[in-house]
>>> print(open('run-v2.cif').read())   # mmCIF, C-alpha atoms
data_start
loop_
_atom_site.label_atom_id
_atom_site.label_comp_id
_atom_site.auth_asym_id
_atom_site.auth_seq_id
_atom_site.Cartn_x
_atom_site.Cartn_y
_atom_site.Cartn_z
CA MET A 127 19.22 -10.06 -15.21
CA ALA A 128 19.70 -10.57 -11.46
CA ARG A 129 16.69 -9.60 -9.40
CA ARG A 130 16.65 -8.62 -5.77
CA PRO A 131 14.90 -11.32 -3.73
CA VAL A 132 11.38 -10.75 -2.37
CA LEU A 133 10.35 -12.83 0.65
CA LEU A 134 6.80 -14.12 0.30
CA PRO A 135 4.38 -13.24 3.10
CA ARG A 136 2.89 -15.88 5.35
CA GLY A 137 -0.18 -17.32 3.63
CA ARG A 138 0.73 -15.36 0.45
CA LEU A 139 -1.34 -12.44 1.79
CA ILE A 140 -0.45 -8.79 2.44
CA ALA A 141 -2.72 -6.61 4.58
CA HIS A 142 -3.96 -3.71 2.42
CA ARG A 143 -3.32 -0.35 4.10
CA GLY A 144 -2.44 -2.30 7.23
CA GLY A 145 -5.64 -4.34 7.19
CA GLY A 146 -8.13 -1.53 6.65
CA ALA A 147 -11.18 -3.76 7.09
CA HIS A 148 -10.40 -4.12 10.79
CA ALA A 149 -8.61 -0.93 11.83
CA PRO A 150 -8.12 2.66 10.60
CA GLU A 151 -6.08 2.41 7.44
CA ASN A 152 -2.40 3.41 7.39
CA THR A 153 -2.22 3.84 11.17
CA LEU A 154 0.18 2.37 13.71
CA GLN A 155 -2.67 0.54 15.44
CA ALA A 156 -3.57 -1.11 12.13
CA LEU A 157 0.02 -2.24 11.62
CA ALA A 158 0.26 -3.52 15.18
CA GLY A 159 -2.77 -5.74 14.54
CA VAL A 160 -1.57 -7.27 11.26
CA PRO A 161 -0.08 -10.42 12.85
CA MET A 162 -3.54 -11.25 14.25
CA LEU A 163 -4.89 -11.34 10.67
CA GLY A 164 -2.73 -14.33 9.77
CA THR A 165 0.02 -12.60 7.82
CA ASP A 166 3.36 -10.92 8.45
CA TRP A 167 3.25 -8.30 5.69
CA ALA A 168 1.35 -5.03 5.21
CA GLU A 169 0.98 -2.57 2.36
CA VAL A 170 0.91 1.15 3.23
CA ASP A 171 0.72 4.38 1.22
CA VAL A 172 3.42 7.03 1.57
CA ARG A 173 3.09 10.73 0.73
CA LEU A 174 5.03 13.87 1.66
CA THR A 175 3.89 16.70 3.90
CA GLY A 176 4.57 20.28 2.88
CA CYS A 177 7.85 20.16 4.80
CA GLY A 178 8.98 16.97 3.08
CA THR A 179 8.25 14.42 5.81
CA PRO A 180 7.01 11.04 4.53
CA VAL A 181 3.77 9.96 6.22
CA LEU A 182 1.24 7.19 5.73
CA LEU A 183 -1.80 8.51 3.84
CA HIS A 184 -3.67 7.17 0.82
CA ASP A 185 -5.45 10.28 -0.47
CA PRO A 186 -3.70 13.52 -1.46
CA ASP A 187 -5.93 15.37 1.02
CA LEU A 188 -6.64 14.84 4.70
CA ASP A 189 -10.44 14.88 4.56
CA ALA A 190 -11.36 11.20 4.21
CA THR A 191 -9.26 9.59 6.94
CA THR A 192 -8.19 12.29 9.40
CA SER A 193 -9.68 15.14 11.40
CA GLY A 194 -7.76 17.58 9.18
CA ARG A 195 -8.81 19.36 6.03
CA GLY A 196 -7.23 20.14 2.70
CA PRO A 197 -4.17 18.80 0.90
CA LEU A 198 -1.43 17.05 2.84
CA ALA A 199 1.12 19.04 0.84
CA ALA A 200 -0.16 22.23 2.48
CA VAL A 201 0.65 21.19 6.07
CA ALA A 202 3.85 20.59 7.99
CA ALA A 203 4.65 17.47 9.98
CA ALA A 204 4.21 19.44 13.22
CA ASP A 205 0.60 20.20 12.25
CA LEU A 206 -0.19 16.48 12.00
CA ALA A 207 0.45 15.99 15.71
CA ARG A 208 -2.78 17.91 16.42
CA MET A 209 -4.86 15.74 14.05
CA ASP A 210 -6.51 12.36 14.51
CA ALA A 211 -6.24 9.62 11.88
CA ALA A 212 -8.33 6.96 13.58
CA LEU A 213 -11.60 8.01 15.22
CA TRP A 214 -13.38 8.38 11.85
CA PHE A 215 -13.26 4.58 11.68
CA GLY A 216 -15.50 4.13 14.70
CA ALA A 217 -15.74 1.06 16.92
CA GLY A 218 -12.55 0.08 18.70
CA ALA A 219 -10.34 2.77 17.17
CA VAL A 220 -8.06 4.80 19.42
CA ALA A 221 -7.12 8.37 18.52
CA GLU A 222 -3.66 8.77 17.01
CA PRO A 223 -2.06 11.30 14.68
CA PRO A 224 -1.20 10.40 11.09
CA ALA A 225 1.82 8.08 11.24
CA THR A 226 5.19 9.13 9.93
CA LEU A 227 7.08 6.59 7.87
CA ALA A 228 9.84 6.65 10.47
CA ARG A 229 7.46 5.48 13.20
CA ALA A 230 5.92 2.84 10.91
CA LEU A 231 9.35 1.43 10.08
CA ALA A 232 10.31 1.33 13.75
CA LEU A 233 7.11 -0.52 14.64
CA ALA A 234 7.53 -2.98 11.77
CA ALA A 235 11.08 -3.78 12.88
CA ARG A 236 9.92 -4.31 16.46
CA ILE A 237 7.13 -6.77 15.61
CA GLY A 238 8.77 -8.50 12.63
CA LEU A 239 6.49 -7.06 9.96
CA GLY A 240 7.36 -6.80 6.27
CA LEU A 241 6.22 -3.63 4.48
CA ASN A 242 5.24 -2.84 0.92
CA LEU A 243 5.62 0.94 0.62
CA GLU A 244 3.49 2.33 -2.21
CA LEU A 245 4.96 5.76 -2.92
CA LYS A 246 2.40 8.31 -4.08
CA PRO A 247 3.71 11.55 -5.62
CA PRO A 248 1.33 14.46 -6.24
CA ALA A 249 -0.91 14.04 -9.28
CA GLU A 250 0.83 14.97 -12.53
CA ALA A 251 4.03 15.62 -10.58
CA GLY A 252 7.26 16.10 -12.46
CA GLU A 253 10.72 14.67 -11.95
CA ASP A 254 11.52 17.05 -9.06
CA ALA A 255 8.51 15.93 -7.01
CA ALA A 256 9.31 12.27 -7.65
CA LEU A 257 12.92 12.85 -6.63
CA GLY A 258 11.86 14.62 -3.44
CA LEU A 259 9.58 11.76 -2.46
CA VAL A 260 12.09 8.98 -3.14
CA THR A 261 14.92 10.88 -1.45
CA ALA A 262 12.86 11.47 1.70
CA VAL A 263 11.80 7.82 1.83
CA ALA A 264 15.40 6.69 1.31
CA ARG A 265 16.50 8.80 4.28
CA ALA A 266 13.79 7.32 6.50
CA ILE A 267 14.74 3.78 5.49
CA GLU A 268 18.43 4.45 6.09
CA ALA A 269 17.65 5.70 9.60
CA ALA A 270 15.43 2.71 10.48
CA PRO A 271 16.23 -0.20 8.15
CA LEU A 272 14.22 -3.40 8.19
CA PRO A 273 15.91 -6.82 7.91
CA PRO A 274 16.85 -7.91 4.37
CA GLY A 275 13.88 -8.99 2.30
CA ARG A 276 11.31 -7.33 4.57
CA LEU A 277 10.79 -4.14 2.58
CA VAL A 278 9.66 -3.47 -1.00
CA VAL A 279 8.89 -0.21 -2.79
CA THR A 280 6.19 0.19 -5.44
CA SER A 281 4.42 3.03 -7.25
CA THR A 282 2.06 3.80 -10.12
CA SER A 283 4.57 6.47 -11.19
CA ALA A 284 7.22 5.35 -13.67
CA ALA A 285 9.45 8.23 -12.55
CA VAL A 286 9.23 7.14 -8.92
CA VAL A 287 9.98 3.50 -9.75
CA SER A 288 12.98 4.45 -11.89
CA LEU A 289 14.39 6.73 -9.20
CA ALA A 290 13.76 4.19 -6.45
CA THR A 291 15.59 1.52 -8.45
CA ARG A 292 18.60 3.83 -8.57
CA LEU A 293 18.48 5.39 -5.08
CA LEU A 294 17.47 2.24 -3.19
CA PRO A 295 19.79 -0.30 -4.83
CA THR A 296 19.38 -2.99 -2.16
CA LEU A 297 15.57 -3.03 -2.12
CA PRO A 298 13.13 -4.79 -4.46
CA VAL A 299 11.29 -2.14 -6.50
CA GLY A 300 8.48 -2.35 -9.02
CA PRO A 301 5.49 -0.66 -10.65
CA VAL A 302 1.79 -0.86 -9.82
CA LEU A 303 -0.28 -1.53 -12.96
CA ARG A 304 -3.90 -0.45 -12.70
CA ARG A 305 -4.93 -1.52 -16.21
CA PRO A 306 -3.42 -3.66 -19.02
CA ALA A 307 -2.48 -0.53 -20.99
CA ASP A 308 -0.06 0.37 -18.19
CA ALA A 309 1.98 -2.75 -18.95
CA ALA A 310 2.80 -1.39 -22.41
CA ALA A 311 3.37 2.17 -21.20
CA MET A 312 5.76 1.00 -18.48
CA ALA A 313 7.54 -1.74 -20.44
CA GLY A 314 10.94 -0.21 -19.77
CA VAL A 315 10.27 0.01 -16.05
CA ILE A 316 8.95 -3.55 -15.91
CA ALA A 317 12.11 -4.84 -17.62
CA LYS A 318 14.20 -3.57 -14.69
CA ALA A 319 11.70 -4.36 -11.94
CA ASP A 320 11.99 -6.93 -9.17
CA LEU A 321 8.23 -7.27 -8.75
CA VAL A 322 5.04 -6.01 -10.35
CA VAL A 323 1.74 -5.28 -8.58
CA VAL A 324 -1.37 -5.62 -10.78
CA ASN A 325 -5.07 -4.91 -10.43
CA ALA A 326 -6.88 -8.25 -10.08
CA ARG A 327 -10.05 -6.74 -11.57
CA ARG A 328 -8.25 -5.97 -14.84
CA PHE A 329 -5.58 -8.69 -15.04
CA GLY A 330 -6.83 -12.25 -15.34
CA PRO A 331 -4.85 -15.52 -15.38
CA ARG A 332 -3.86 -15.12 -19.05
CA ALA A 333 -2.44 -11.62 -18.42
CA ILE A 334 -0.60 -12.87 -15.32
CA ARG A 335 1.05 -15.65 -17.32
CA ALA A 336 1.95 -13.22 -20.12
CA LEU A 337 3.61 -10.79 -17.71
CA ARG A 338 5.65 -13.53 -16.09
CA SER A 339 6.80 -14.89 -19.43
CA ARG A 340 8.20 -11.49 -20.45
CA ALA A 341 11.04 -11.67 -17.93
CA ASP A 342 13.86 -14.10 -17.25
CA PRO A 343 14.02 -14.96 -14.43
CA PRO A 344 10.25 -14.49 -13.97
CA LEU A 345 8.98 -11.46 -12.08
CA VAL A 346 7.37 -11.74 -8.69
CA LEU A 347 3.74 -10.77 -9.34
CA VAL A 348 1.44 -9.44 -6.62
CA VAL A 349 -2.26 -8.79 -7.19
CA TYR A 350 -4.63 -6.35 -5.48
CA GLY A 351 -8.23 -5.30 -5.81
CA THR A 352 -10.22 -8.40 -4.85
CA ASP A 353 -11.01 -10.34 -1.68
CA SER A 354 -12.59 -13.24 -3.60
CA ARG A 355 -10.94 -16.49 -2.53
CA ARG A 356 -11.98 -18.17 -5.79
CA ARG A 357 -10.45 -15.49 -8.00
CA LEU A 358 -7.29 -15.31 -5.91
CA ARG A 359 -6.81 -19.08 -6.19
CA ARG A 360 -7.06 -18.81 -9.99
CA LEU A 361 -4.53 -15.96 -10.12
CA ILE A 362 -2.09 -17.75 -7.83
CA ARG A 363 -2.33 -20.88 -9.99
CA ALA A 364 -1.53 -18.65 -12.99
CA GLY A 365 1.64 -17.44 -11.29
CA ALA A 366 0.78 -14.64 -8.85
CA ALA A 367 3.04 -14.94 -5.81
CA ALA A 368 0.90 -13.01 -3.32
CA ALA A 369 -2.20 -10.83 -2.93
CA ILE A 370 -2.86 -7.51 -1.19
CA VAL A 371 -6.25 -7.82 0.53
CA ASP A 372 -8.29 -5.80 3.02
CA ALA A 373 -8.96 -8.74 5.36
CA PRO A 374 -6.41 -11.58 5.19
CA ASP A 375 -8.26 -13.39 7.98
CA ARG A 376 -11.34 -13.82 5.75
CA ILE A 377 -9.29 -15.31 2.92
CA LEU A 378 -7.66 -17.71 5.36
CA GLY A 379 -11.06 -18.85 6.61
CA ALA A 380 -10.94 -17.47 10.16
CA PRO A 381 -12.73 -14.11 9.94
CA LEU A 382 -12.48 -11.71 12.84
CA PRO A 383 -15.35 -9.35 13.76
CA THR A 384 -15.52 -6.34 11.44
CA PRO A 385 -17.59 -3.12 11.61
CA LEU A 386 -20.99 -3.31 9.94
CA LEU A 387 -20.51 -0.06 8.01
CA PRO A 388 -18.20 -0.55 4.98
CA VAL A 389 -14.91 1.32 5.08
CA TRP A 390 -15.61 3.24 1.88
CA LEU A 391 -18.82 4.55 3.44
CA ARG A 392 -16.99 5.55 6.63
CA ARG A 393 -14.53 7.56 4.54
CA LEU A 394 -17.39 9.32 2.74
CA ARG A 395 -19.10 10.02 6.06
CA ASN A 396 -15.97 11.69 7.39
CA ARG A 397 -15.80 13.98 4.33
CA TRP A 398 -19.53 14.75 4.52
CA ARG A 399 -19.39 15.76 8.18
CA LYS A 400 -16.61 18.24 7.43
CA GLU A 401 -18.50 19.73 4.49
CA ARG A 402 -21.56 20.18 6.72
CA GLY A 403 -19.34 22.01 9.20
#
>>> encode(input="run-v2.cif", output="structure tokens")
Amino acid sequence: MARRPVLLPRGRLIAHRGGGAHAPENTLQALAGVPMLGTDWAEVDVRLTGCGTPVLLHDPDLDATTSGRGPLAAVAAADLARMDAALWFGAGAVAEPPATLARALALAARIGLGLNLELKPPAEAGEDAALGLVTAVARAIEAAPLPPGRLVVTSTSAAVVSLATRLLPTLPVGPVLRRPADAAAMAGVIAKADLVVVNARRFGPRAIRALRSRADPPLVLVVYGTDSRRRLRRLIRAGAAAAIVDAPDRILGAPLPTPLLPVWLRRLRNRWRKERG
């Protein structure tokens, strides 16, 4: 079958959540800094607000990475303007509200950035929720399109991937596989995919080769979940085309200064402070 082309990022690296080791994840300031990390691609997470606006946010709730509280699905886009999605990160971060997908697309087009949009429907969401998410994302992309080959759409949800394949016919689309069992469960989706994103902690070189051999022409495989240069080299030799990493600069051998406190601990600290009131 014919597959839609996927342009490989510079250095084969994609900045995870916009390069979350250096800047507040999924923010415009993170995206603006991606070129300094040695790559021209970023991965971001996309969810819907209660009013159906697609925004960049990894968790289903606001507590870990914003000044807000509770589920994103319970707030409107107008409410986000009063929140901060950056100061939890600490050193060097500048306050900014959670970014809408529209603003992220506009910034990416302005600075020549490619984007991997990971679409995240609500947990255990049905077909209607998946359709609402893909439709809203399609509208945002139509209003602010990136150049050909500079945008891909992925998801852990088979329903989202299937709908995106149909509603975004010009874009490369594919599933995110967190564990080997997902490859069997999503075999039908993989057969129609343009790319597949796999967890590097669970998929080794043998599994990478097996996935590639299942399709003709071979799938574009992208790995995530490790910043180990040694492991990434092995996976790329096995056929992985690119890797989503927190700090592309470290992989490329020119590390920039990073905060001493790990990002996962900063996220927990933000939640803990809110719980303490």
>>> closest_residue(input="run-v2.cif", among="A:Ala199, A:Asn242, A:Ala219, A:Pro186", to="His142 of chain A", atoms="all atoms listed in the file")
A:Asn242
>>> resolve_selection(input="run-v2.cif", expression="the PyMOL selection byres ((chain A and resi 307-318) around 12)", output="number ranges by chain")
A: 127-130, 280-292, 295, 298-306, 319-325, 328-329, 333-334, 336-347
>>> write_last_selection(input="run-v2.cif", atoms="C-alpha atoms", output="tab-separated table (two decimals), in the coordinates of the input")
chain	number	residue	atom	x	y	z
A	127	MET	CA	19.22	-10.06	-15.21
A	128	ALA	CA	19.70	-10.57	-11.46
A	129	ARG	CA	16.69	-9.60	-9.40
A	130	ARG	CA	16.65	-8.62	-5.77
A	280	THR	CA	6.19	0.19	-5.44
A	281	SER	CA	4.42	3.03	-7.25
A	282	THR	CA	2.06	3.80	-10.12
A	283	SER	CA	4.57	6.47	-11.19
A	284	ALA	CA	7.22	5.35	-13.67
A	285	ALA	CA	9.45	8.23	-12.55
A	286	VAL	CA	9.23	7.14	-8.92
A	287	VAL	CA	9.98	3.50	-9.75
A	288	SER	CA	12.98	4.45	-11.89
A	289	LEU	CA	14.39	6.73	-9.20
A	290	ALA	CA	13.76	4.19	-6.45
A	291	THR	CA	15.59	1.52	-8.45
A	292	ARG	CA	18.60	3.83	-8.57
A	295	PRO	CA	19.79	-0.30	-4.83
A	298	PRO	CA	13.13	-4.79	-4.46
A	299	VAL	CA	11.29	-2.14	-6.50
A	300	GLY	CA	8.48	-2.35	-9.02
A	301	PRO	CA	5.49	-0.66	-10.65
A	302	VAL	CA	1.79	-0.86	-9.82
A	303	LEU	CA	-0.28	-1.53	-12.96
A	304	ARG	CA	-3.90	-0.45	-12.70
A	305	ARG	CA	-4.93	-1.52	-16.21
A	306	PRO	CA	-3.42	-3.66	-19.02
A	319	ALA	CA	11.70	-4.36	-11.94
A	320	ASP	CA	11.99	-6.93	-9.17
A	321	LEU	CA	8.23	-7.27	-8.75
A	322	VAL	CA	5.04	-6.01	-10.35
A	323	VAL	CA	1.74	-5.28	-8.58
A	324	VAL	CA	-1.37	-5.62	-10.78
A	325	ASN	CA	-5.07	-4.91	-10.43
A	328	ARG	CA	-8.25	-5.97	-14.84
A	329	PHE	CA	-5.58	-8.69	-15.04
A	333	ALA	CA	-2.44	-11.62	-18.42
A	334	ILE	CA	-0.60	-12.87	-15.32
A	336	ALA	CA	1.95	-13.22	-20.12
A	337	LEU	CA	3.61	-10.79	-17.71
A	338	ARG	CA	5.65	-13.53	-16.09
A	339	SER	CA	6.80	-14.89	-19.43
A	340	ARG	CA	8.20	-11.49	-20.45
A	341	ALA	CA	11.04	-11.67	-17.93
A	342	ASP	CA	13.86	-14.10	-17.25
A	343	PRO	CA	14.02	-14.96	-14.43
A	344	PRO	CA	10.25	-14.49	-13.97
A	345	LEU	CA	8.98	-11.46	-12.08
A	346	VAL	CA	7.37	-11.74	-8.69
A	347	LEU	CA	3.74	-10.77	-9.34
>>> atom_distance(input="run-v2.cif", atom1="atom CA of Leu387 of chain A", atom2="atom CA of Ala207 of chain A")
27.5 Å
>>> residues_around(input="run-v2.cif", residues="Gly238 of chain A", least_positions_apart="6", cutoff="9 Å", atoms="all atoms listed in the file", output="ChimeraX atom specification")
/A:166-167,272-273,276
>>> residues_around(input="run-v2.cif", residues="Gly178 of chain A", least_positions_apart="6", cutoff="8 Å", atoms="all atoms listed in the file", output="mmCIF file with C-alpha atoms, in the coordinates of the input")
data_model
loop_
_atom_site.group_PDB
_atom_site.id
_atom_site.type_symbol
_atom_site.label_atom_id
_atom_site.label_comp_id
_atom_site.auth_asym_id
_atom_site.auth_seq_id
_atom_site.Cartn_x
_atom_site.Cartn_y
_atom_site.Cartn_z
ATOM 1 C CA ALA A 202 3.850 20.590 7.990
ATOM 2 C CA GLY A 258 11.860 14.620 -3.440
ATOM 3 C CA LEU A 259 9.580 11.760 -2.460
ATOM 4 C CA ALA A 262 12.860 11.470 1.700
#
>>> closest_residue(input="run-v2.cif", among="A:Leu245, A:Ala211, A:Ala270, A:Ala190", to="Ala228 of chain A", atoms="only C-alpha atoms")
A:Ala270
>>> residues_around(input="run-v2.cif", residues="segment 369-385 of chain A", least_positions_apart="4", cutoff="9 Å", atoms="all atoms listed in the file", output="ChimeraX atom specification")
/A:137-149,160,162-165,168-169,215-217,323,326,347-355,358,362,389
>>> resolve_selection(input="run-v2.cif", expression="the PyMOL selection byres ((chain A and resi 209) around 9)", output="short mmCIF file (atom, residue, chain, number, x, y, z; two decimals) with C-alpha atoms, in the coordinates of the input")
data_model
loop_
_atom_site.label_atom_id
_atom_site.label_comp_id
_atom_site.auth_asym_id
_atom_site.auth_seq_id
_atom_site.Cartn_x
_atom_site.Cartn_y
_atom_site.Cartn_z
CA THR A 192 -8.19 12.29 9.40
CA SER A 193 -9.68 15.14 11.40
CA GLY A 194 -7.76 17.58 9.18
CA ASP A 205 0.60 20.20 12.25
CA LEU A 206 -0.19 16.48 12.00
CA ALA A 207 0.45 15.99 15.71
CA ARG A 208 -2.78 17.91 16.42
CA ASP A 210 -6.51 12.36 14.51
CA ALA A 211 -6.24 9.62 11.88
CA ALA A 221 -7.12 8.37 18.52
CA GLU A 222 -3.66 8.77 17.01
CA PRO A 223 -2.06 11.30 14.68
CA PRO A 224 -1.20 10.40 11.09
#
>>> closest_residue(input="run-v2.cif", among="A:Ala367, A:Ala212, A:Ala156, A:Leu239", to="Pro274 of chain A", atoms="only C-alpha atoms")
A:Leu239
>>> axis_aligned_box(input="run-v2.cif", around="segment 195-204 of chain A", padding_each_side="5 Å", output="JSON")
{"center_x": -2.1, "center_y": 19.6, "center_z": 7.0, "size_x": 23.5, "size_y": 15.2, "size_z": 22.4}
>>> resolve_selection(input="run-v2.cif", expression="the PyMOL selection byres ((chain A and resi 184) around 8)", output="list of chain:residue names")
A:Asn152, A:Val170, A:Asp171, A:Val172, A:Arg173, A:Leu182, A:Leu183, A:Asp185, A:Pro186, A:Lys246
>>> atom_distance(input="run-v2.cif", atom1="atom CA of Pro271 of chain A", atom2="atom CA of Ala158 of chain A")
17.8 Å
>>> atom_distance(input="run-v2.cif", atom1="atom CA of Thr191 of chain A", atom2="atom CA of Leu391 of chain A")
11.4 Å
>>> residues_around(input="run-v2.cif", residues="Ala230 of chain A", least_positions_apart="6", cutoff="9 Å", atoms="all atoms listed in the file", output="VMD selection string")
chain A and resid 153 to 154 157 181 to 182
>>> closest_residue(input="run-v2.cif", among="A:Gly252, A:Pro197, A:Gly159, A:Gly403", to="Ile237 of chain A", atoms="all atoms listed in the file")
A:Gly159
